[in-house]
Amino acid sequence: MKILVIGSGGREHAIVKKLLESPKAEKVYCAPGNGGIALDAECVNISAMDIEKVVAFSKENAIDLVFVAPDDPLAAGMVDALEKEGIMAFGPRANAAIIEASKVFSKNLMKKYGIPTAGYEVFSDSKEAIEFIKNNDTYPVVVKADGLALGKGVIIAEDFEMAKDAVNSIMEDKIFGASGSNIVIEEFLTGPEVSVLAFTDGKAMVPMVSSKDHKRALDGNKGLNTGGMGTISPNPFYTDEIAKECMETIFLPTMEAMNKEGRTFKGCLYFGLMLTPKGPKVIEYNSRFGDPETQVVLPRLKTDFVDVITAVCNETLSDLEVEWYGGACACVVMASGGYPGSYKKGIEITGLNEKGNVEGAVVYHAGTALKDNKLLTNGGRVLGVTAKAETLSEALEKAYAAVKKIHFDGVHYRTDIGK
Ligand code: AMP
Ligand code: GLY
């Protein structure tokens with residue numbers, strides 16, 4: 001098969017590398033890709049949001065399968081456009097991608113179908129929202145923009161003033177643009193967080209091995225929220241018993257709810273869960289693979305990845321047994337100094353070999369550029385240094401040993417991933 005992957009981050013690099021393990025992948029392209037991805041696949045200079053060009057390229061190059069990895073082209077209907085032209089595409093159609101693209105939609109879905117989540121209210125008027133928080137006496141309270149906001153649309157407010165400022169900056173100052181026309185004000189939940197990605201074709205629901213993200217920029221879960229500074233798999237808090245409960249109370253009910261709404265979800269459905277004292281609850285849904293969760297989950301997939309994704313597209317997932325390797329996997333993100341705030345680009349990365357890798361680990365490139373055979377930093381999250389081993393502590397040891405071999409000026413990474 002000729003496969004085109006859409007996107008340009010560490011997640012896409014992990015997807016490309018996994019596809020290349022399959023004897024069925026004759027050729028893998030990535031649009032637009034990045035410096036590190038270019039060492040494995042043929043990068044195509046088309047933006048991840050350019051639906052017209054992606055469709056045209058796929059037709060011209062007889063692409064058999066397009067793997068749409070990021071949330072925004074999914075929400076914009078890239079899969080719909082490809083299917084209309086008879087091109088197989090992995091990922092939900094726009095009417096199902098809304099499960100991530102609108103928090104108002106996903107909260108109302110959960111309420112309607114009794115899927116456990118934080119209590120909430122929806123507002124389209126900032127004055128009404130502020131009136132509501134005036135009468136609220138439990139803090140923190142969580143304020144969320146309805147739409148996509150690069151993972152930054154969630155504000156945990158410690159008191160009334162902070163909650164009011166959050167409402168005003170989202171709804172009046174429009175810091176997230178149109179994504180903030182509506183907001184959700186939500187009950188604050190506590191407990192360990194778990195990410196579970198699941199393959200689903202609307203008929204079968206096949207959860208992948210669990211993982212744990214580390215969202216804050218600094219050690220000890222301090223600092224600003226980021227796209228994710230590192231991940232481990234499995235998530236030690238996610239027991240078999242909890243997995244069974246999640247399947248019954250969350251995963252299958254979500255699949256069925258989407259079917260009933262006429263919005264069958266096909267692709268990778270990401271459950272962001274919190275294991276609260278009152279049981280597992282949904283914090284958020286994503287309509288795609290997580291980043292950097294993918295970097296620790298896909299290396300553990302034993303079944304041919306091409307077989308799994310074509311089964312999802314063809315709605316034959318229930319005929320396939322999806323198998324996983326035991327052991328553990330850890331990913332440490334090496335970021336640019338200043339991230340998630342402003343940072344410099346174009347800094348030379350040393351310590352990587354000609355394949356963009358180091359011995360003892362796999363390096364997924366998130367934000368790199370290739371120039372005159374040199375790898376340069378080109379984003380906030382630069383590399384995801386990933387290792388697999390029998391135990392989590394060995395995987396972490398290997399990943400951190402590899403991190404120490406790599407350098408670029410200003411590099412910043414957390415030293416407590418998985419701890
Ligand atoms: P999100 O961008 O939706 O993944 O949210 C970012 C982070 O905010 C989550 O990973 C949680 O740590 C936190 N969060 C979101 N909603 C809640 C909630 N209702 N209670 C507690 N923490 C939350
Ligand atoms: N790592 C969180 C996400 O992909 O949304």
# chains A, B, ... in the order shown; residues from 1 in each chain; ligands from 1

$ residues_near_ligand --ligand "ligand 2" --cutoff "6 Å" --atoms "only C-alpha atoms and all ligand atoms" --output "ChimeraX atom specification"
/A:213,227-228,290-293

$ write_last_selection --atoms "N, CA, C and O atoms" --output "PDB file, in the first residue's frame"
ATOM      1  N   ASP A 213       0.278  10.749  30.633  1.00  0.00           N
ATOM      2  CA  ASP A 213       0.938  11.953  30.119  1.00  0.00           C
ATOM      3  C   ASP A 213       1.473  12.763  31.304  1.00  0.00           C
ATOM      4  O   ASP A 213       1.057  12.552  32.449  1.00  0.00           O
ATOM      5  N   GLY A 227       1.812  20.689  25.729  1.00  0.00           N
ATOM      6  CA  GLY A 227       1.201  19.607  24.955  1.00  0.00           C
ATOM      7  C   GLY A 227       1.510  18.246  25.551  1.00  0.00           C
ATOM      8  O   GLY A 227       0.864  17.258  25.216  1.00  0.00           O
ATOM      9  N   GLY A 228       2.482  18.174  26.447  1.00  0.00           N
ATOM     10  CA  GLY A 228       2.893  16.901  27.065  1.00  0.00           C
ATOM     11  C   GLY A 228       4.406  16.804  27.077  1.00  0.00           C
ATOM     12  O   GLY A 228       5.050  16.942  26.048  1.00  0.00           O
ATOM     13  N   GLY A 290      -3.143  10.501  20.751  1.00  0.00           N
ATOM     14  CA  GLY A 290      -2.573  11.536  21.617  1.00  0.00           C
ATOM     15  C   GLY A 290      -1.100  11.754  21.308  1.00  0.00           C
ATOM     16  O   GLY A 290      -0.430  10.895  20.757  1.00  0.00           O
ATOM     17  N   ASP A 291      -0.612  12.904  21.690  1.00  0.00           N
ATOM     18  CA  ASP A 291       0.802  13.238  21.507  1.00  0.00           C
ATOM     19  C   ASP A 291       1.300  13.810  22.810  1.00  0.00           C
ATOM     20  O   ASP A 291       0.822  14.874  23.212  1.00  0.00           O
ATOM     21  N   PRO A 292       2.173  13.162  23.573  1.00  0.00           N
ATOM     22  CA  PRO A 292       3.063  12.052  23.224  1.00  0.00           C
ATOM     23  C   PRO A 292       2.612  10.655  23.679  1.00  0.00           C
ATOM     24  O   PRO A 292       3.468   9.778  23.849  1.00  0.00           O
ATOM     25  N   GLU A 293       1.327  10.390  23.835  1.00  0.00           N
ATOM     26  CA  GLU A 293       0.896   9.035  24.197  1.00  0.00           C
ATOM     27  C   GLU A 293       1.250   8.020  23.113  1.00  0.00           C
ATOM     28  O   GLU A 293       1.685   6.895  23.404  1.00  0.00           O
TER      29      GLU A 293
END

$ residues_around --residues "range 75-82 of chain A" --least-positions-apart "5" --cutoff "12 Å" --atoms "only C-alpha atoms" --output "MDAnalysis selection string"
chainID A and resid 4 6 48:59 63:70 87:102 147:148 265:267 286:288 313

$ residues_near_ligand --ligand "ligand 1" --cutoff "9 Å" --atoms "only C-alpha atoms and all ligand atoms" --output "JSON, numbers by chain"
{"A": [103, 117, 118, 119, 120, 140, 141, 142, 143, 144, 149, 150, 151, 152, 153, 154, 155, 156, 185, 186, 187, 188, 189, 190, 191, 192, 193, 213, 214, 215, 216, 225, 226, 227, 272, 273, 274, 282, 283, 284, 285, 286]}

$ closest_residue --among "A:Ser210, A:Ala311, A:Ile250, A:Thr264" --to "Tyr238 in chain A" --atoms "only C-alpha atoms"
A:Ser210

$ residues_around --residues "Cys331 in chain A" --least-positions-apart "5" --cutoff "6 Å" --atoms "only C-alpha atoms" --output "VMD selection string"
chain A and resid 230 to 231 384 to 386

$ write_last_selection --atoms "all heavy atoms" --output "mmCIF file, in the first residue's frame"
data_model
loop_
_atom_site.group_PDB
_atom_site.id
_atom_site.type_symbol
_atom_site.label_atom_id
_atom_site.label_comp_id
_atom_site.auth_asym_id
_atom_site.auth_seq_id
_atom_site.Cartn_x
_atom_site.Cartn_y
_atom_site.Cartn_z
ATOM 1 N N GLY A 230 6.156 14.185 28.474
ATOM 2 C CA GLY A 230 6.644 12.814 28.558
ATOM 3 C C GLY A 230 5.500 11.884 28.873
ATOM 4 O O GLY A 230 4.446 12.327 29.348
ATOM 5 N N THR A 231 5.709 10.613 28.564
ATOM 6 C CA THR A 231 4.644 9.623 28.776
ATOM 7 C C THR A 231 5.248 8.289 29.194
ATOM 8 O O THR A 231 6.411 8.004 28.891
ATOM 9 C CB THR A 231 3.843 9.371 27.481
ATOM 10 O OG1 THR A 231 4.713 9.475 26.365
ATOM 11 C CG2 THR A 231 2.695 10.334 27.321
ATOM 12 N N GLY A 384 11.169 13.336 21.125
ATOM 13 C CA GLY A 384 10.598 12.431 22.130
ATOM 14 C C GLY A 384 11.488 11.202 22.195
ATOM 15 O O GLY A 384 11.456 10.355 21.305
ATOM 16 N N VAL A 385 12.316 11.137 23.232
ATOM 17 C CA VAL A 385 13.305 10.060 23.328
ATOM 18 C C VAL A 385 12.645 8.892 24.063
ATOM 19 O O VAL A 385 12.218 9.033 25.209
ATOM 20 C CB VAL A 385 14.564 10.561 24.062
ATOM 21 C CG1 VAL A 385 15.621 9.468 24.126
ATOM 22 C CG2 VAL A 385 15.110 11.801 23.351
ATOM 23 N N THR A 386 12.565 7.748 23.380
ATOM 24 C CA THR A 386 11.666 6.677 23.804
ATOM 25 C C THR A 386 12.382 5.342 23.920
ATOM 26 O O THR A 386 13.146 4.976 23.024
ATOM 27 C CB THR A 386 10.522 6.566 22.775
ATOM 28 O OG1 THR A 386 9.931 7.855 22.626
ATOM 29 C CG2 THR A 386 9.471 5.573 23.220
#

$ closest_residue --among "A:Arg414, A:Lys24, A:Lys388, A:Lys127" --to "Asp307 in chain A" --atoms "only C-alpha atoms"
A:Lys24

$ closest_residue --among "A:Ala243, A:Ala361, A:Ile170, A:Leu109" --to "Lys398 in chain A" --atoms "only C-alpha atoms"
A:Ala361

$ closest_residue --among "A:Val333, A:Gly380, A:Pro280, A:Ala402" --to "Glu359 in chain A" --atoms "only C-alpha atoms"
A:Ala402
